[in-house]
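**Q** Compact mmCIF, C-alpha atoms and all ligand atoms, saved as model.txt, coming up:
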# COMPACT_ATOMS: atom_id res chain seq x y z
CA MET A 61 14.04 -17.14 -9.08
CA ILE A 62 16.67 -15.56 -6.86
CA ALA A 63 20.14 -14.25 -7.70
CA VAL A 64 22.63 -13.88 -4.86
CA ILE A 65 25.13 -11.09 -5.54
CA LYS A 66 28.77 -11.57 -4.53
CA GLN A 67 30.02 -9.67 -1.50
CA GLY A 68 31.50 -6.25 -2.09
CA VAL A 69 30.00 -5.64 -5.56
CA PRO A 70 29.57 -1.88 -6.10
CA ALA A 71 25.97 -0.62 -5.95
CA ASP A 72 26.00 0.79 -9.52
CA GLN A 73 26.80 -2.66 -10.94
CA VAL A 74 23.89 -4.15 -8.97
CA GLN A 75 21.65 -1.34 -10.27
CA ASN A 76 22.70 -2.10 -13.86
CA LEU A 77 21.80 -5.75 -13.38
CA ILE A 78 18.41 -4.83 -11.88
CA ALA A 79 17.70 -2.49 -14.82
CA TRP A 80 18.57 -5.29 -17.27
CA LEU A 81 16.39 -7.82 -15.41
CA GLU A 82 13.49 -5.38 -15.50
CA THR A 83 13.72 -5.31 -19.29
CA GLN A 84 13.02 -9.08 -19.09
CA LYS A 85 9.54 -8.28 -17.75
CA VAL A 86 10.14 -9.41 -14.16
CA ALA A 87 9.81 -7.36 -11.00
CA VAL A 88 12.96 -7.29 -8.89
CA HIS A 89 12.76 -7.41 -5.12
CA VAL A 90 16.02 -6.35 -3.47
CA SER A 91 17.00 -7.70 -0.06
CA GLU A 92 20.15 -6.16 1.38
CA GLY A 93 21.54 -8.47 4.03
CA GLU A 94 24.50 -8.05 6.32
CA TYR A 95 26.73 -10.03 3.95
CA ASN A 96 24.91 -10.50 0.67
CA THR A 97 22.40 -8.75 -1.52
CA VAL A 98 19.68 -11.08 -2.80
CA LEU A 99 17.64 -10.19 -5.88
CA GLY A 100 14.24 -11.86 -5.97
CA LEU A 101 12.67 -12.06 -9.42
CA VAL A 102 8.87 -12.12 -9.39
CA GLY A 103 6.63 -12.74 -12.36
CA ASP A 104 7.16 -14.84 -15.45
CA THR A 105 10.83 -15.79 -15.22
CA THR A 106 10.73 -18.22 -18.16
CA ASN A 107 12.42 -15.64 -20.41
CA VAL A 108 15.27 -15.02 -18.00
CA ASP A 109 18.39 -16.89 -19.12
CA MET A 110 19.43 -18.59 -15.90
CA GLU A 111 22.81 -19.71 -17.24
CA LEU A 112 23.70 -16.26 -18.50
CA LEU A 113 22.81 -14.80 -15.12
CA GLN A 114 24.83 -17.46 -13.30
CA ASN A 115 27.90 -16.70 -15.39
CA LEU A 116 27.93 -12.97 -14.67
CA GLU A 117 31.00 -11.86 -12.75
CA ILE A 118 28.97 -10.22 -9.96
CA VAL A 119 26.57 -13.13 -9.38
CA GLU A 120 27.38 -15.78 -6.81
CA ASN A 121 24.42 -18.10 -7.27
CA VAL A 122 21.06 -18.39 -9.03
CA MET A 123 18.20 -20.59 -7.85
CA ARG A 124 14.65 -21.23 -8.91
CA ILE A 125 12.11 -20.99 -6.10
CA SER A 126 9.69 -23.86 -6.24
CA GLU A 127 7.23 -22.51 -3.63
CA PRO A 128 4.35 -20.45 -5.03
CA PHE A 129 4.91 -17.71 -2.42
CA LYS A 130 7.81 -15.49 -3.44
CA ASN A 131 7.80 -12.21 -1.50
CA ALA A 132 7.01 -14.01 1.76
CA ASN A 133 9.72 -16.61 1.15
CA ARG A 134 12.81 -16.65 3.32
CA LYS A 135 14.90 -17.52 0.27
CA PHE A 136 13.96 -14.12 -1.15
CA HIS A 137 14.73 -12.29 2.05
CA PRO A 138 17.07 -14.36 4.23
CA GLU A 139 16.97 -11.98 7.21
CA ASP A 140 14.00 -11.72 9.58
CA THR A 141 11.60 -8.92 8.80
CA VAL A 142 11.02 -6.53 11.67
CA VAL A 143 7.54 -4.99 11.55
CA ASP A 144 7.31 -1.56 13.15
CA VAL A 145 3.86 -0.80 14.57
CA SER A 146 4.03 2.91 15.38
CA GLY A 147 7.32 2.44 17.20
CA VAL A 148 6.68 -1.04 18.63
CA LYS A 149 8.92 -3.52 16.82
CA ILE A 150 8.02 -7.17 16.22
CA GLY A 151 10.39 -9.81 14.86
CA SER A 152 14.06 -10.73 14.95
CA GLY A 153 14.22 -10.86 18.74
CA ASN A 154 11.68 -8.06 19.32
CA PHE A 155 8.86 -9.72 21.28
CA ALA A 156 5.51 -7.93 21.35
CA VAL A 157 2.39 -8.69 23.38
CA ILE A 158 -0.99 -7.63 22.03
CA ALA A 159 -3.64 -7.66 24.76
CA GLY A 160 -7.15 -6.41 25.28
CA PRO A 161 -10.77 -7.48 25.13
CA CYS A 162 -12.34 -9.51 22.35
CA SER A 163 -14.68 -6.55 21.74
CA VAL A 164 -14.69 -2.93 22.74
CA GLU A 165 -17.84 -2.63 24.88
CA SER A 166 -17.69 0.77 26.58
CA ARG A 167 -15.31 3.64 27.39
CA GLU A 168 -14.88 2.42 30.98
CA GLN A 169 -14.14 -1.12 29.87
CA ILE A 170 -11.54 -0.36 27.20
CA ILE A 171 -9.73 2.34 29.22
CA ASP A 172 -9.63 0.14 32.33
CA VAL A 173 -8.35 -2.90 30.42
CA ALA A 174 -5.85 -0.79 28.43
CA GLU A 175 -4.33 0.71 31.58
CA GLN A 176 -4.10 -2.65 33.31
CA VAL A 177 -2.56 -4.58 30.41
CA LYS A 178 -0.08 -1.77 29.87
CA ALA A 179 0.94 -1.91 33.53
CA ALA A 180 1.50 -5.66 33.13
CA GLY A 181 3.81 -5.10 30.14
CA ALA A 182 1.62 -5.42 27.04
CA THR A 183 2.94 -3.35 24.15
CA LEU A 184 -0.11 -3.17 21.86
CA LEU A 185 -3.81 -2.81 22.68
CA ARG A 186 -6.39 -4.96 20.92
CA GLY A 187 -10.18 -4.64 20.82
CA GLY A 188 -12.73 -5.68 18.21
CA ALA A 189 -15.03 -3.00 16.81
CA PHE A 190 -16.34 -4.93 13.79
CA LYS A 191 -16.91 -8.47 15.05
CA PRO A 192 -17.23 -11.58 12.87
CA ARG A 193 -19.84 -13.54 14.86
CA THR A 194 -21.17 -16.97 13.94
CA SER A 195 -24.71 -15.84 14.80
CA PRO A 196 -26.25 -12.67 13.37
CA TYR A 197 -28.14 -12.30 16.68
CA ASP A 198 -24.92 -11.98 18.74
CA PHE A 199 -23.22 -8.67 19.58
CA GLN A 200 -21.70 -7.40 16.34
CA GLY A 201 -19.37 -4.80 17.88
CA LEU A 202 -19.64 -1.04 18.39
CA LYS A 203 -18.25 -0.44 14.87
CA ALA A 204 -17.12 3.19 14.28
CA ASP A 205 -17.92 4.09 17.92
CA GLY A 206 -15.69 1.20 19.02
CA LEU A 207 -12.84 2.54 16.87
CA ALA A 208 -13.28 5.98 18.46
CA LEU A 209 -13.08 4.43 21.96
CA LEU A 210 -9.94 2.52 20.98
CA GLU A 211 -8.42 5.82 19.85
CA GLU A 212 -9.26 7.31 23.24
CA ALA A 213 -7.55 4.40 24.97
CA LYS A 214 -4.54 4.95 22.72
CA LYS A 215 -4.38 8.63 23.71
CA ASP A 216 -4.72 7.68 27.35
CA THR A 217 -2.05 4.96 27.43
CA GLY A 218 0.15 5.67 24.41
CA MET A 219 -0.33 2.09 23.23
CA PRO A 220 -0.71 1.51 19.47
CA ILE A 221 -4.04 -0.14 18.64
CA VAL A 222 -4.93 -3.34 16.80
CA THR A 223 -8.39 -4.10 15.44
CA GLU A 224 -10.05 -6.27 12.82
CA ILE A 225 -11.27 -5.14 9.42
CA MET A 226 -14.00 -7.12 7.68
CA ASN A 227 -14.78 -4.94 4.70
CA ALA A 228 -12.38 -2.93 2.53
CA ASN A 229 -15.01 -0.16 2.32
CA HIS A 230 -14.32 0.51 6.00
CA LEU A 231 -10.66 1.38 5.35
CA PRO A 232 -11.17 5.17 5.71
CA LEU A 233 -12.36 4.52 9.29
CA PHE A 234 -9.08 2.70 10.04
CA GLU A 235 -6.82 5.69 9.44
CA ASN A 236 -5.75 5.92 13.10
CA VAL A 237 -5.50 2.16 13.61
CA ASP A 238 -1.85 1.16 13.95
CA LEU A 239 -2.10 -2.54 13.06
CA ILE A 240 -5.00 -3.83 10.98
CA GLN A 241 -6.09 -7.38 11.77
CA VAL A 242 -7.42 -9.78 9.14
CA GLY A 243 -9.34 -12.43 11.06
CA ALA A 244 -9.37 -16.15 10.47
CA ARG A 245 -12.66 -15.96 8.60
CA ASN A 246 -11.28 -13.44 6.12
CA MET A 247 -7.84 -14.96 5.57
CA GLN A 248 -8.90 -15.90 2.05
CA ASN A 249 -10.99 -12.84 1.28
CA PHE A 250 -8.73 -12.08 -1.65
CA GLU A 251 -10.37 -8.79 -2.62
CA LEU A 252 -9.82 -7.51 0.94
CA LEU A 253 -6.21 -8.74 0.87
CA LYS A 254 -5.58 -6.94 -2.43
CA GLU A 255 -6.92 -3.69 -0.96
CA LEU A 256 -4.64 -4.11 2.06
CA GLY A 257 -1.73 -4.56 -0.35
CA ARG A 258 -2.36 -1.04 -1.62
CA ILE A 259 -2.00 0.65 1.77
CA ARG A 260 1.19 1.18 3.77
CA LYS A 261 0.16 0.04 7.23
CA PRO A 262 1.14 -3.15 9.06
CA ILE A 263 -1.25 -6.09 8.82
CA LEU A 264 -1.83 -8.89 11.35
CA LEU A 265 -2.88 -11.88 9.26
CA LYS A 266 -4.55 -14.67 11.21
CA ARG A 267 -4.54 -18.26 10.00
CA GLY A 268 -7.87 -19.48 8.63
CA LEU A 269 -10.00 -21.94 10.59
CA ALA A 270 -8.80 -24.86 8.48
CA SER A 271 -6.01 -23.38 6.41
CA THR A 272 -2.65 -24.90 5.62
CA LEU A 273 0.54 -22.94 6.22
CA LYS A 274 0.97 -22.67 2.47
CA GLU A 275 -2.48 -21.08 2.19
CA LEU A 276 -1.59 -18.65 4.98
CA LEU A 277 1.62 -17.69 3.19
CA MET A 278 -0.24 -17.32 -0.12
CA SER A 279 -2.61 -14.89 1.62
CA ALA A 280 0.39 -12.92 2.88
CA GLU A 281 1.65 -13.01 -0.70
CA TYR A 282 -1.57 -11.33 -1.91
CA ILE A 283 -0.86 -8.37 0.38
CA MET A 284 2.85 -8.28 -0.40
CA ALA A 285 2.27 -8.48 -4.17
CA GLY A 286 0.60 -5.08 -3.84
CA GLY A 287 3.70 -3.66 -2.19
CA ASN A 288 2.71 -3.81 1.49
CA GLU A 289 5.43 -5.90 3.11
CA GLN A 290 4.67 -5.16 6.77
CA ILE A 291 2.89 -8.39 7.72
CA ILE A 292 2.74 -10.32 10.97
CA LEU A 293 1.48 -13.91 10.74
CA CYS A 294 -0.70 -15.26 13.55
CA GLU A 295 -1.26 -18.89 14.53
CA ARG A 296 -4.64 -19.03 16.33
CA GLY A 297 -5.42 -22.72 16.28
CA VAL A 298 -7.12 -24.77 13.61
CA ARG A 299 -10.26 -26.87 13.61
CA THR A 300 -9.70 -30.55 14.28
CA PHE A 301 -11.79 -33.50 15.53
CA GLU A 302 -11.05 -32.42 19.14
CA THR A 303 -14.01 -30.87 20.95
CA TYR A 304 -12.70 -30.18 24.48
CA THR A 305 -10.88 -27.14 23.17
CA ARG A 306 -12.31 -24.50 20.81
CA ASN A 307 -9.49 -25.14 18.32
CA THR A 308 -6.23 -27.05 18.32
CA LEU A 309 -3.12 -24.91 18.70
CA ASP A 310 -0.65 -25.91 16.00
CA LEU A 311 2.59 -24.90 17.68
CA SER A 312 4.73 -26.54 15.02
CA ALA A 313 3.44 -23.74 12.77
CA VAL A 314 5.81 -21.36 14.56
CA PRO A 315 9.17 -22.92 13.64
CA MET A 316 7.81 -24.08 10.27
CA LEU A 317 6.59 -20.61 9.26
CA LYS A 318 9.84 -19.06 10.45
CA GLU A 319 11.78 -21.54 8.34
CA LEU A 320 9.64 -20.87 5.24
CA SER A 321 9.24 -17.13 5.68
CA HIS A 322 11.04 -14.06 7.02
CA LEU A 323 7.80 -12.60 8.43
CA PRO A 324 7.28 -12.43 12.22
CA VAL A 325 4.95 -15.02 13.76
CA VAL A 326 2.76 -14.43 16.80
CA VAL A 327 0.51 -16.89 18.63
CA ASP A 328 -3.02 -16.30 19.93
CA PRO A 329 -3.54 -18.83 22.74
CA SER A 330 -6.98 -17.39 23.55
CA HIS A 331 -8.80 -18.34 20.34
CA ALA A 332 -6.60 -21.43 20.01
CA SER A 333 -7.90 -22.95 23.24
CA GLY A 334 -11.14 -21.11 24.04
CA ILE A 335 -10.57 -21.74 27.76
CA SER A 336 -8.99 -19.15 30.03
CA ARG A 337 -7.08 -21.66 32.19
CA LEU A 338 -5.33 -23.03 29.10
CA VAL A 339 -4.11 -19.62 27.97
CA LYS A 340 -1.08 -19.49 30.27
CA PRO A 341 0.40 -22.92 29.42
CA MET A 342 -0.16 -22.30 25.70
CA ALA A 343 1.35 -18.80 25.90
CA LEU A 344 4.46 -20.17 27.64
CA ALA A 345 4.75 -22.96 25.08
CA ALA A 346 4.43 -20.43 22.23
CA ALA A 347 7.23 -18.31 23.69
CA ALA A 348 9.36 -21.45 24.08
CA ALA A 349 8.64 -22.43 20.46
CA GLY A 350 10.16 -19.17 19.27
CA ALA A 351 7.09 -17.01 18.61
CA ASP A 352 7.79 -13.29 18.06
CA GLY A 353 4.85 -12.30 20.20
CA LEU A 354 1.46 -13.15 21.65
CA MET A 355 -2.09 -11.95 21.27
CA ILE A 356 -4.14 -12.48 24.43
CA GLU A 357 -7.75 -11.59 25.26
CA VAL A 358 -8.13 -9.75 28.57
CA HIS A 359 -11.38 -8.43 30.08
CA ASN A 360 -11.98 -6.54 33.33
CA ASN A 361 -15.02 -8.74 33.99
CA PRO A 362 -14.83 -11.91 31.87
CA ALA A 363 -18.11 -13.29 33.27
CA LYS A 364 -19.95 -10.29 31.78
CA ALA A 365 -18.05 -10.09 28.49
CA LEU A 366 -20.22 -9.64 25.39
CA CYS A 367 -17.90 -11.90 23.42
CA ASP A 368 -15.42 -14.69 24.25
CA GLY A 369 -15.64 -14.36 28.05
CA ALA A 370 -14.74 -18.03 28.59
CA GLN A 371 -11.30 -17.55 27.10
CA SER A 372 -10.65 -14.06 28.48
CA LEU A 373 -8.15 -13.51 31.28
CA THR A 374 -8.61 -11.04 34.10
CA PRO A 375 -5.90 -8.36 34.21
CA GLU A 376 -4.37 -10.19 37.23
CA GLN A 377 -4.22 -13.48 35.33
CA PHE A 378 -2.70 -11.64 32.39
CA ALA A 379 0.02 -10.16 34.62
CA ASP A 380 0.82 -13.69 35.81
CA VAL A 381 1.15 -14.89 32.20
CA MET A 382 3.49 -11.98 31.46
CA ASN A 383 5.72 -13.01 34.38
CA GLY A 384 5.86 -16.57 33.13
CA VAL A 385 6.62 -15.48 29.56
CA ALA A 386 9.46 -13.25 30.79
CA LYS A 387 10.98 -16.26 32.60
CA ILE A 388 10.73 -18.47 29.50
CA ARG A 389 12.34 -15.76 27.38
CA GLU A 390 15.18 -15.43 29.89
CA VAL A 391 15.87 -19.16 29.62
CA LEU A 392 15.90 -18.93 25.83
C1 LIG B 1 -10.34 -12.03 17.22
O1 LIG B 1 -9.10 -11.93 17.32
O2 LIG B 1 -11.12 -11.31 17.85
C2 LIG B 1 -10.92 -13.04 16.33
C3 LIG B 1 -12.18 -12.97 15.92
O3 LIG B 1 -10.06 -14.03 16.05
P1 LIG B 1 -10.07 -15.13 14.89
O4 LIG B 1 -10.23 -14.39 13.60
O5 LIG B 1 -8.74 -15.80 15.04
O6 LIG B 1 -11.21 -16.07 15.18
MN MN B 2 -12.38 -13.11 20.44
Please re-express this file's structure in structure tokens.

**A**
Amino acid sequence: MIAVIKQGVPADQVQNLIAWLETQKVAVHVSEGEYNTVLGLVGDTTNVDMELLQNLEIVENVMRISEPFKNANRKFHPEDTVVDVSGVKIGSGNFAVIAGPCSVESREQIIDVAEQVKAAGATLLRGGAFKPRTSPYDFQGLKADGLALLEEAKKDTGMPIVTEIMNANHLPLFENVDLIQVGARNMQNFELLKELGRIRKPILLKRGLASTLKELLMSAEYIMAGGNEQIILCERGVRTFETYTRNTLDLSAVPMLKELSHLPVVVDPSHASGISRLVKPMALAAAAAGADGLMIEVHNNPAKALCDGAQSLTPEQFADVMNGVAKIREVL
């Protein structure tokens, strides 16, 4: 349920109403907009007298929210959320580009790629240290050593770092990670999501391999229910009957998610297509569709990459994509 407060109501009157609502056993989420304050009531709202609330002098409107996601819902929080990743803002017109290799492989590799993607305009550095691989015989990532190398690259370039967590027990290792990624395979690892709700660090939540947008938003809700509201959603393609591409990029997810939710939405054209030559057209299309950012895999030697070489761009190709994206954003 949401209650929209009339414009110009003094703060102490709003506070009194919140205190009263809290006695009704609901949690109150306050969203202060430019014009209106919106109170979102989470929990069992069956005891809240909707008519009584509606008739209060200070209340403009009361509505029930039918969607099962509350905190992530735009009705709860009409204005776009801006996620701040160690000074890099994403959302509400702030466009961020996350770039870097699928996996951190060596000091030389990650420093070289970091410097080159930064020069091309990337704002955040990615690199997998704990890798979710389909085969247990494939490279599993450098783990803690990979995180240490990412930290070196961060010191060298000043770029905040983004890397995937697969196990909540690893959280102490992620202290210096600026944006924690939950990969497609863990989107519905609810115990992990609950742990991430307890911390106060931004989370990049990728859409599951065959997940609906509602399921993605419910996963965001798991994190937000714990009090961590700094979430970036990521469309990375879903599995369909098509086999020429690794996945099928669902671009309609961008405007749909932005309509349903206030959270920023980024697109990963690398995992969505699986083919490096498709990354540029899909990145441009994502920017045109209104994405708040991109996540692109870049390797200094894609042919030798230990993971996802076929979809990785060279730093030169990445710079070309950045030029194209800048042009699309100018037109918008
Ligand atoms: C990744 O970003 O490295 C990754 C494994 O992506 P996804 O979870 O989308 O497959
Ligand atoms: Mn990858």

**Q** What do you get as a list in words if you pick all residues at most 6 Å from ligand LIG 1 (chain B), counting all atoms listed in the file?

**A** Cys162, Gly188, Gly243, Ala244, Arg245, Lys266, Arg296 and His331 of chain A

**Q** Can I get the selected residues back with C-alpha atoms, as a JSON list (two decimals), in the frame of the given file?

**A**
[["chain", "number", "residue", "atom", "x", "y", "z"],
["A", 162, "CYS", "CA", -12.34, -9.51, 22.35],
["A", 188, "GLY", "CA", -12.73, -5.68, 18.21],
["A", 243, "GLY", "CA", -9.34, -12.43, 11.06],
["A", 244, "ALA", "CA", -9.37, -16.15, 10.47],
["A", 245, "ARG", "CA", -12.66, -15.96, 8.60],
["A", 266, "LYS", "CA", -4.55, -14.67, 11.21],
["A", 296, "ARG", "CA", -4.64, -19.03, 16.33],
["A", 331, "HIS", "CA", -8.80, -18.34, 20.34]]

**Q** Near A:Ala159, counting all atoms listed in the file, which residues have an atom at most 7 Å away, once you skip same-chain residues fewer than 2 positions from it, shown as a list in words?

**A**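 Everything that qualifies: Val157, Val177, Ala182, Leu184, Leu185, Arg186, Met355, Ile356, Glu357 and Val358 of chain A.
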
**Q** For a test of reading the model, state the distance in Å between atom CA of A:Ser146 and atom CA of A:Leu209, rounded to one decimal.

**A**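 Atom CA of A:Ser146 sits 18.4 Å away from atom CA of A:Leu209.
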
**Q** Please check which protein, DNA or RNA residues sit within 9 Å of ligand MN 2 (chain B), counting all atoms listed in the file, and write them as a CSV table (one decimal) with C-alpha atoms, in the frame of the given file.

**A**
chain,number,residue,atom,x,y,z
A,161,PRO,CA,-10.8,-7.5,25.1
A,162,CYS,CA,-12.3,-9.5,22.4
A,163,SER,CA,-14.7,-6.6,21.7
A,187,GLY,CA,-10.2,-4.6,20.8
A,188,GLY,CA,-12.7,-5.7,18.2
A,191,LYS,CA,-16.9,-8.5,15.0
A,330,SER,CA,-7.0,-17.4,23.6
A,331,HIS,CA,-8.8,-18.3,20.3
A,334,GLY,CA,-11.1,-21.1,24.0
A,357,GLU,CA,-7.8,-11.6,25.3
A,367,CYS,CA,-17.9,-11.9,23.4
A,368,ASP,CA,-15.4,-14.7,24.2
A,369,GLY,CA,-15.6,-14.4,28.0
A,371,GLN,CA,-11.3,-17.6,27.1
A,372,SER,CA,-10.6,-14.1,28.5

**Q** How many Å separate atom CA of A:Ile125 from atom CA of A:Gly100?

**A**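 Calculated distance between atom CA of A:Ile125 and atom CA of A:Gly100 is 9.4 Å.
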
**Q** What is the distance, in Å and to one decimal place, between atom CA of A:Ala79 and atom CA of A:Ile259?

**A**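 Taking atom CA of A:Ala79 as the start and atom CA of A:Ile259 as the end point, the length is 25.9 Å.
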
**Q** Measuring between all atoms listed in the file, which one of A:Val142, A:Val339, A:Ala213, A:Leu265 shows the shortest distance to A:Gln169?

**A** A:Ala213
